[in-house]
Structure formats: structure tokens, C-alpha cells
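Here's query_39.txt, which has compact mmCIF, N, CA and C atoms:
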# COMPACT_ATOMS: atom_id res chain seq x y z
N MET A 13 0.83 -1.20 0.00
CA MET A 13 0.00 0.00 0.00
C MET A 13 0.87 1.25 0.00
N ARG A 14 1.91 1.24 0.82
CA ARG A 14 2.80 2.39 0.93
C ARG A 14 3.45 2.69 -0.42
N LEU A 15 3.81 1.62 -1.15
CA LEU A 15 4.43 1.77 -2.47
C LEU A 15 3.47 2.44 -3.45
N ILE A 16 2.22 2.07 -3.42
CA ILE A 16 1.21 2.67 -4.30
C ILE A 16 1.07 4.16 -4.00
N VAL A 17 1.03 4.51 -2.75
CA VAL A 17 0.93 5.93 -2.36
C VAL A 17 2.15 6.70 -2.86
N LEU A 18 3.34 6.14 -2.71
CA LEU A 18 4.56 6.81 -3.19
C LEU A 18 4.54 6.98 -4.71
N ILE A 19 4.05 6.00 -5.42
CA ILE A 19 3.95 6.10 -6.88
C ILE A 19 2.97 7.20 -7.27
N ILE A 20 1.84 7.25 -6.63
CA ILE A 20 0.84 8.27 -6.93
C ILE A 20 1.39 9.66 -6.63
N ILE A 21 2.07 9.83 -5.52
CA ILE A 21 2.67 11.12 -5.17
C ILE A 21 3.73 11.51 -6.20
N SER A 22 4.55 10.57 -6.61
CA SER A 22 5.59 10.84 -7.61
C SER A 22 4.99 11.29 -8.93
N ILE A 23 3.95 10.61 -9.37
CA ILE A 23 3.28 10.99 -10.61
C ILE A 23 2.66 12.38 -10.48
N ALA A 24 2.04 12.67 -9.36
CA ALA A 24 1.44 13.99 -9.15
C ALA A 24 2.48 15.09 -9.19
N ILE A 25 3.64 14.85 -8.61
CA ILE A 25 4.71 15.85 -8.62
C ILE A 25 5.20 16.10 -10.04
N VAL A 26 5.37 15.05 -10.81
CA VAL A 26 5.82 15.20 -12.20
C VAL A 26 4.82 16.04 -13.00
N PHE A 27 3.54 15.71 -12.90
CA PHE A 27 2.54 16.44 -13.67
C PHE A 27 2.29 17.85 -13.14
N ALA A 28 2.51 18.09 -11.88
CA ALA A 28 2.34 19.43 -11.32
C ALA A 28 3.38 20.38 -11.86
N ASN A 29 4.54 19.87 -12.24
CA ASN A 29 5.62 20.70 -12.75
C ASN A 29 5.68 20.72 -14.27
N GLU A 30 4.72 20.10 -14.90
CA GLU A 30 4.70 20.04 -16.36
C GLU A 30 4.19 21.36 -16.93
N ILE A 31 4.80 21.79 -18.00
CA ILE A 31 4.36 23.01 -18.69
C ILE A 31 3.15 22.65 -19.54
N TYR A 32 2.07 23.41 -19.39
CA TYR A 32 0.87 23.18 -20.17
C TYR A 32 1.00 23.93 -21.50
N PHE A 33 0.76 23.24 -22.59
CA PHE A 33 0.81 23.83 -23.92
C PHE A 33 -0.61 24.12 -24.40
N GLU A 34 -0.92 25.38 -24.56
CA GLU A 34 -2.19 25.80 -25.13
C GLU A 34 -2.08 25.63 -26.64
N HIS A 35 -3.21 25.37 -27.32
CA HIS A 35 -3.19 25.19 -28.77
C HIS A 35 -4.17 26.13 -29.48
N ASP A 36 -4.76 27.04 -28.74
CA ASP A 36 -5.70 28.00 -29.30
C ASP A 36 -5.21 29.42 -29.00
N MET A 37 -4.96 30.19 -30.04
CA MET A 37 -4.41 31.54 -29.88
C MET A 37 -5.30 32.42 -29.01
N ASN A 38 -6.60 32.41 -29.26
CA ASN A 38 -7.50 33.27 -28.49
C ASN A 38 -7.50 32.91 -27.00
N LYS A 39 -7.50 31.61 -26.70
CA LYS A 39 -7.46 31.18 -25.30
C LYS A 39 -6.14 31.60 -24.65
N ALA A 40 -5.07 31.45 -25.38
CA ALA A 40 -3.76 31.82 -24.83
C ALA A 40 -3.69 33.32 -24.53
N ILE A 41 -4.17 34.13 -25.44
CA ILE A 41 -4.16 35.59 -25.23
C ILE A 41 -5.04 35.95 -24.05
N GLN A 42 -6.22 35.33 -23.97
CA GLN A 42 -7.12 35.61 -22.84
C GLN A 42 -6.48 35.22 -21.51
N LYS A 43 -5.87 34.05 -21.44
CA LYS A 43 -5.20 33.62 -20.21
C LYS A 43 -4.06 34.58 -19.86
N ALA A 44 -3.32 35.01 -20.86
CA ALA A 44 -2.20 35.94 -20.62
C ALA A 44 -2.71 37.24 -20.02
N LYS A 45 -3.82 37.74 -20.52
CA LYS A 45 -4.42 38.97 -19.98
C LYS A 45 -4.87 38.75 -18.53
N GLU A 46 -5.57 37.65 -18.30
CA GLU A 46 -6.08 37.36 -16.96
C GLU A 46 -4.98 37.15 -15.94
N GLN A 47 -3.87 36.53 -16.36
CA GLN A 47 -2.79 36.19 -15.44
C GLN A 47 -1.61 37.15 -15.52
N ASN A 48 -1.75 38.20 -16.33
CA ASN A 48 -0.70 39.19 -16.52
C ASN A 48 0.63 38.53 -16.92
N LYS A 49 0.55 37.71 -17.97
CA LYS A 49 1.72 37.01 -18.47
C LYS A 49 1.90 37.31 -19.96
N THR A 50 3.04 36.91 -20.48
CA THR A 50 3.34 37.03 -21.90
C THR A 50 3.07 35.69 -22.56
N VAL A 51 2.57 35.72 -23.79
CA VAL A 51 2.38 34.48 -24.54
C VAL A 51 3.70 34.13 -25.22
N MET A 52 4.15 32.90 -25.01
CA MET A 52 5.31 32.37 -25.72
C MET A 52 4.76 31.36 -26.71
N MET A 53 4.78 31.73 -27.99
CA MET A 53 4.24 30.86 -29.04
C MET A 53 5.39 30.07 -29.65
N LEU A 54 5.31 28.76 -29.54
CA LEU A 54 6.33 27.85 -30.05
C LEU A 54 5.86 27.25 -31.37
N TYR A 55 6.70 27.38 -32.40
CA TYR A 55 6.44 26.74 -33.68
C TYR A 55 7.49 25.66 -33.84
N SER A 56 7.06 24.41 -33.92
CA SER A 56 8.01 23.30 -33.91
C SER A 56 7.48 22.11 -34.69
N SER A 57 8.21 21.00 -34.63
CA SER A 57 7.82 19.76 -35.28
C SER A 57 8.20 18.59 -34.37
N PRO A 58 7.34 17.58 -34.32
CA PRO A 58 7.69 16.40 -33.52
C PRO A 58 8.86 15.61 -34.11
N THR A 59 9.20 15.87 -35.36
CA THR A 59 10.33 15.17 -35.99
C THR A 59 11.62 15.98 -35.94
N CYS A 60 11.59 17.13 -35.32
CA CYS A 60 12.76 18.02 -35.24
C CYS A 60 13.55 17.72 -33.96
N PRO A 61 14.78 17.24 -34.08
CA PRO A 61 15.57 16.92 -32.88
C PRO A 61 15.78 18.12 -31.96
N GLU A 62 16.03 19.29 -32.53
CA GLU A 62 16.26 20.47 -31.71
C GLU A 62 14.98 20.90 -30.97
N CYS A 63 13.84 20.76 -31.65
CA CYS A 63 12.55 21.07 -31.02
C CYS A 63 12.31 20.14 -29.83
N ASN A 64 12.55 18.86 -30.05
CA ASN A 64 12.34 17.87 -28.99
C ASN A 64 13.31 18.08 -27.84
N TYR A 65 14.54 18.47 -28.14
CA TYR A 65 15.51 18.79 -27.09
C TYR A 65 14.98 19.94 -26.23
N MET A 66 14.46 20.97 -26.86
CA MET A 66 13.94 22.11 -26.09
C MET A 66 12.75 21.68 -25.23
N LYS A 67 11.80 20.96 -25.82
CA LYS A 67 10.60 20.56 -25.08
C LYS A 67 10.88 19.56 -23.97
N HIS A 68 11.75 18.59 -24.22
CA HIS A 68 11.91 17.49 -23.29
C HIS A 68 13.14 17.58 -22.39
N VAL A 69 14.09 18.41 -22.75
CA VAL A 69 15.29 18.57 -21.91
C VAL A 69 15.31 19.95 -21.29
N VAL A 70 15.36 20.99 -22.12
CA VAL A 70 15.48 22.36 -21.61
C VAL A 70 14.26 22.76 -20.78
N PHE A 71 13.06 22.51 -21.29
CA PHE A 71 11.84 22.88 -20.56
C PHE A 71 11.70 22.12 -19.25
N ASN A 72 12.35 20.98 -19.12
CA ASN A 72 12.25 20.19 -17.90
C ASN A 72 13.32 20.50 -16.88
N LYS A 73 14.24 21.38 -17.20
CA LYS A 73 15.20 21.86 -16.20
C LYS A 73 14.41 22.71 -15.21
N LYS A 74 14.59 22.46 -13.95
CA LYS A 74 13.78 23.11 -12.92
C LYS A 74 13.72 24.63 -13.05
N GLU A 75 14.87 25.27 -13.23
CA GLU A 75 14.90 26.74 -13.29
C GLU A 75 14.13 27.26 -14.50
N VAL A 76 14.31 26.60 -15.64
CA VAL A 76 13.61 27.01 -16.86
C VAL A 76 12.11 26.74 -16.72
N ASN A 77 11.77 25.57 -16.25
CA ASN A 77 10.39 25.18 -16.06
C ASN A 77 9.66 26.15 -15.14
N ASP A 78 10.26 26.44 -14.00
CA ASP A 78 9.65 27.36 -13.03
C ASP A 78 9.46 28.75 -13.64
N TYR A 79 10.47 29.22 -14.36
CA TYR A 79 10.40 30.56 -14.93
C TYR A 79 9.31 30.64 -16.00
N ILE A 80 9.25 29.64 -16.85
CA ILE A 80 8.22 29.63 -17.90
C ILE A 80 6.83 29.60 -17.28
N ARG A 81 6.61 28.72 -16.32
CA ARG A 81 5.28 28.62 -15.71
C ARG A 81 4.89 29.89 -14.97
N GLU A 82 5.87 30.61 -14.44
CA GLU A 82 5.56 31.84 -13.70
C GLU A 82 5.29 33.03 -14.62
N HIS A 83 5.95 33.09 -15.78
CA HIS A 83 5.90 34.30 -16.60
C HIS A 83 5.20 34.17 -17.95
N PHE A 84 4.93 32.95 -18.39
CA PHE A 84 4.42 32.77 -19.75
C PHE A 84 3.22 31.85 -19.83
N ILE A 85 2.39 32.10 -20.82
CA ILE A 85 1.39 31.15 -21.29
C ILE A 85 2.01 30.59 -22.56
N VAL A 86 2.18 29.28 -22.63
CA VAL A 86 2.85 28.67 -23.78
C VAL A 86 1.81 28.19 -24.79
N LEU A 87 1.93 28.72 -25.98
CA LEU A 87 1.06 28.38 -27.11
C LEU A 87 1.91 27.57 -28.08
N SER A 88 1.46 26.40 -28.44
CA SER A 88 2.28 25.51 -29.29
C SER A 88 1.56 25.21 -30.60
N PHE A 89 2.28 25.42 -31.71
CA PHE A 89 1.81 25.06 -33.03
C PHE A 89 2.82 24.12 -33.67
N THR A 90 2.31 23.17 -34.44
CA THR A 90 3.15 22.19 -35.12
C THR A 90 3.19 22.51 -36.60
N ILE A 91 4.39 22.55 -37.15
CA ILE A 91 4.59 22.96 -38.53
C ILE A 91 3.82 22.10 -39.53
N HIS A 92 3.62 20.81 -39.25
CA HIS A 92 2.97 19.91 -40.18
C HIS A 92 1.45 19.98 -40.16
N LYS A 93 0.88 20.56 -39.10
CA LYS A 93 -0.58 20.60 -39.05
C LYS A 93 -1.17 21.98 -38.78
N ASP A 94 -0.37 22.92 -38.31
CA ASP A 94 -0.89 24.26 -37.99
C ASP A 94 -0.21 25.32 -38.85
N LYS A 95 -1.00 26.24 -39.34
CA LYS A 95 -0.42 27.40 -40.01
C LYS A 95 -0.17 28.45 -38.94
N LEU A 96 0.91 29.17 -39.10
CA LEU A 96 1.15 30.29 -38.19
C LEU A 96 0.08 31.35 -38.42
N PRO A 97 -0.34 32.02 -37.38
CA PRO A 97 -1.30 33.11 -37.57
C PRO A 97 -0.72 34.16 -38.53
N LYS A 98 -1.60 34.85 -39.20
CA LYS A 98 -1.21 35.88 -40.17
C LYS A 98 -0.29 36.91 -39.50
N GLY A 99 0.76 37.26 -40.22
CA GLY A 99 1.69 38.28 -39.73
C GLY A 99 2.94 37.72 -39.06
N PHE A 100 2.98 36.40 -38.83
CA PHE A 100 4.14 35.78 -38.21
C PHE A 100 4.95 35.03 -39.27
N GLU A 101 6.26 35.16 -39.19
CA GLU A 101 7.14 34.49 -40.14
C GLU A 101 8.23 33.76 -39.39
N TYR A 102 8.72 32.69 -40.00
CA TYR A 102 9.81 31.94 -39.40
C TYR A 102 10.78 31.53 -40.50
N ILE A 103 12.03 31.27 -40.10
CA ILE A 103 13.01 30.78 -41.06
C ILE A 103 13.53 29.40 -40.66
N GLY A 104 13.19 28.95 -39.51
CA GLY A 104 13.60 27.63 -39.04
C GLY A 104 12.86 27.30 -37.77
N ILE A 105 12.97 26.04 -37.38
CA ILE A 105 12.32 25.61 -36.14
C ILE A 105 13.36 25.01 -35.21
N PRO A 106 13.14 25.12 -33.94
CA PRO A 106 12.01 25.77 -33.29
C PRO A 106 12.14 27.29 -33.35
N THR A 107 11.00 27.94 -33.41
CA THR A 107 10.95 29.39 -33.30
C THR A 107 10.01 29.72 -32.15
N PHE A 108 10.46 30.60 -31.28
CA PHE A 108 9.68 31.05 -30.12
C PHE A 108 9.30 32.51 -30.36
N PHE A 109 8.01 32.78 -30.47
CA PHE A 109 7.50 34.14 -30.63
C PHE A 109 6.95 34.58 -29.28
N PHE A 110 7.23 35.80 -28.89
CA PHE A 110 6.72 36.34 -27.64
C PHE A 110 5.76 37.47 -27.99
N LEU A 111 4.52 37.33 -27.51
CA LEU A 111 3.44 38.21 -27.93
C LEU A 111 2.98 39.13 -26.82
N ASP A 112 2.60 40.34 -27.22
CA ASP A 112 2.02 41.27 -26.26
C ASP A 112 0.53 40.94 -26.09
N LYS A 113 -0.17 41.70 -25.30
CA LYS A 113 -1.57 41.41 -24.97
C LYS A 113 -2.50 41.55 -26.17
N SER A 114 -2.04 42.20 -27.24
CA SER A 114 -2.86 42.32 -28.45
C SER A 114 -2.43 41.32 -29.53
N ALA A 115 -1.65 40.31 -29.14
CA ALA A 115 -1.20 39.23 -30.02
C ALA A 115 -0.20 39.68 -31.08
N LYS A 116 0.50 40.76 -30.82
CA LYS A 116 1.54 41.24 -31.72
C LYS A 116 2.90 40.74 -31.23
N GLU A 117 3.76 40.38 -32.19
CA GLU A 117 5.09 39.90 -31.85
C GLU A 117 5.92 41.03 -31.26
N LYS A 118 6.51 40.76 -30.09
CA LYS A 118 7.39 41.75 -29.48
C LYS A 118 8.83 41.27 -29.41
N TYR A 119 9.04 39.95 -29.58
CA TYR A 119 10.38 39.38 -29.50
C TYR A 119 10.34 37.99 -30.12
N LYS A 120 11.48 37.52 -30.61
CA LYS A 120 11.54 36.19 -31.24
C LYS A 120 12.88 35.54 -30.93
N ILE A 121 12.85 34.25 -30.65
CA ILE A 121 14.06 33.44 -30.49
C ILE A 121 13.99 32.35 -31.55
N ILE A 122 15.02 32.25 -32.36
CA ILE A 122 15.06 31.23 -33.40
C ILE A 122 16.09 30.17 -32.99
N GLY A 123 15.67 28.91 -33.00
CA GLY A 123 16.56 27.81 -32.67
C GLY A 123 16.58 27.50 -31.19
N GLY A 124 17.25 26.41 -30.89
CA GLY A 124 17.35 25.97 -29.51
C GLY A 124 18.68 26.37 -28.90
N SER A 125 18.80 26.12 -27.62
CA SER A 125 20.04 26.42 -26.91
C SER A 125 20.07 25.63 -25.61
N LYS A 126 21.18 25.70 -24.94
CA LYS A 126 21.29 25.07 -23.63
C LYS A 126 20.35 25.80 -22.66
N ALA A 127 19.99 25.11 -21.60
CA ALA A 127 19.02 25.64 -20.64
C ALA A 127 19.45 26.98 -20.07
N GLU A 128 20.72 27.12 -19.70
CA GLU A 128 21.19 28.36 -19.07
C GLU A 128 21.07 29.54 -20.03
N VAL A 129 21.41 29.30 -21.28
CA VAL A 129 21.34 30.36 -22.30
C VAL A 129 19.88 30.73 -22.56
N PHE A 130 19.02 29.73 -22.70
CA PHE A 130 17.61 29.98 -22.97
C PHE A 130 16.98 30.75 -21.81
N LEU A 131 17.30 30.36 -20.59
CA LEU A 131 16.76 31.05 -19.42
C LEU A 131 17.18 32.51 -19.40
N GLN A 132 18.43 32.81 -19.71
CA GLN A 132 18.90 34.20 -19.74
C GLN A 132 18.15 34.99 -20.81
N ARG A 133 17.91 34.37 -21.94
CA ARG A 133 17.17 35.05 -23.00
C ARG A 133 15.74 35.32 -22.55
N LEU A 134 15.12 34.34 -21.87
CA LEU A 134 13.75 34.55 -21.36
C LEU A 134 13.72 35.70 -20.36
N LYS A 135 14.70 35.75 -19.49
CA LYS A 135 14.74 36.83 -18.49
C LYS A 135 14.91 38.19 -19.14
N GLY A 136 15.55 38.24 -20.30
CA GLY A 136 15.73 39.49 -21.02
C GLY A 136 14.46 40.01 -21.66
N ILE A 137 13.46 39.15 -21.79
CA ILE A 137 12.20 39.53 -22.43
C ILE A 137 11.30 40.31 -21.47
N GLN A 138 11.34 39.94 -20.21
CA GLN A 138 10.42 40.54 -19.23
C GLN A 138 10.72 41.97 -18.97
File written out as C-alpha cells:
Amino acid sequence: MRLIVLIIISIAIVFANEIYFEHDMNKAIQKAKEQNKTVMMLYSSPTCPECNYMKHVVFNKKEVNDYIREHFIVLSFTIHKDKLPKGFEYIGIPTFFFLDKSAKEKYKIIGGSKAEVFLQRLKGIQ
């Protein structure tokens, strides 16, 4: 019984620290307004090694994860199934667009990086 409780607690901790990816632009903008956060729109592909590195390694580093959850609403679009909203352009993936409350691009990061570098770039946006 004790083992089952420990497993349940471990799973809850993992999911509590998971970054939620919104997939609807309007919902993301609304949440950002309500929570006074910036929208970080990620354009990526599940077949892109650099995209997967960012999502599964960099985003899971505690400092990066905590900072993203505290300051951003993450909106995720996939290159193979989603068109970027009108007015946004990219030259490679992953591309991270940072949007103001009116859904206009205010900053962009192209490509991936190590967690420490990415975190410093995120801190420069605020």
C-alpha cells in the first residue's frame, strides 16, 4: 500500500511541474491577460531533434520550467498541421515568438540552446 501511495505522489509531482501547452491563440491571449503574463508561441515539429531537445530537456530543467510557468502562457503550433497566424514568419524551427496582450510579436528566439542560455534570454524579455 505504501508503495502505491509513493507512486501516486511521484506521478502527481511530475505532472504538477509540467508546462501546459495551449493550442488556441484566443485562449492563450485571454489567459495571458487574466494572469498578466506574456504568450510564448512555439512553432516546432515532432520530428525536429532540436525542437524535442527544447521541449523534453530544456523545458524540464527546474529553473527554466519554473520561470516559464511563472511568466508565460505557452502556445504551441506544429509545422505539419498548424499554419502560423497571419503576420508571423519563421526561417527555421524551433521558433519562439513572444506576444504582447494584443497578439503582436514583441520578440523572437530562433533555434534551440542550452538551458542556461535559454533562461537568460527569457529573463531578457520581461
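Neighbours of segment 110-126 of chain A closer than or equal to 6 Å, with all atoms listed in the file counted and sequence neighbours fewer than 4 positions away skipped, come out as Thr50, Val51, Met52, Met53, Glu62, Gly104, Ile105, Pro106, Phe130 and Leu131 of chain A.
Pairwise distance (atom CA of Val86 of chain A, atom CA of Leu54 of chain A) equals 7.2 Å.
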| field | Å distance separating atom N of Ile41 of chain A from atom C of Met66 of chain A, one decimal place | value |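 Spanning atom N of Ile41 of chain A to atom C of Met66 of chain A is a straight-line distance of 21.0 Å.
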| Every residue of chain A that DSSP places in strand (DSSP E or B), as a VMD selection string | chain A and resid 33 to 34 50 to 56 84 to 90 107 to 111 117 to 122
| task | Can you work out the spacing between atom C of Leu96 of chain A and atom N of Tyr55 of chain A in Å, to one decimal? | result |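 Answer for the atom C of Leu96 of chain A to atom N of Tyr55 of chain A separation: 9.8 Å.
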| request: Would you list the contacts of Val76 of chain A as a list in words, taking every protein, DNA or RNA residue within 8 Å and counting only N, CA and C atoms, but skipping same-chain residues closer than 5 positions in sequence? | output: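 The residues that qualify are Val70, Phe71, Arg81, Glu82, Ala127, Glu128, Phe130 and Leu131 of chain A.
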| task | DSSP on the backbone, then: every residue of segment 56-111 of chain A marked alpha helix (DSSP H), written as number ranges by chain. | result | A: 61-65, 74-83
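Restricting the calculation to all atoms listed in the file, the smallest distance between Phe33 of chain A and any of A:Gln132, A:Ser56, A:Thr107, A:Ser88 is found for A:Ser88.
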| said: Between A:Lys49, A:Pro58, A:Ile85, A:Cys63, which residue has the minimum interatomic distance to Tyr32 of chain A, considering only C-alpha atoms? | reply: A:Ile85
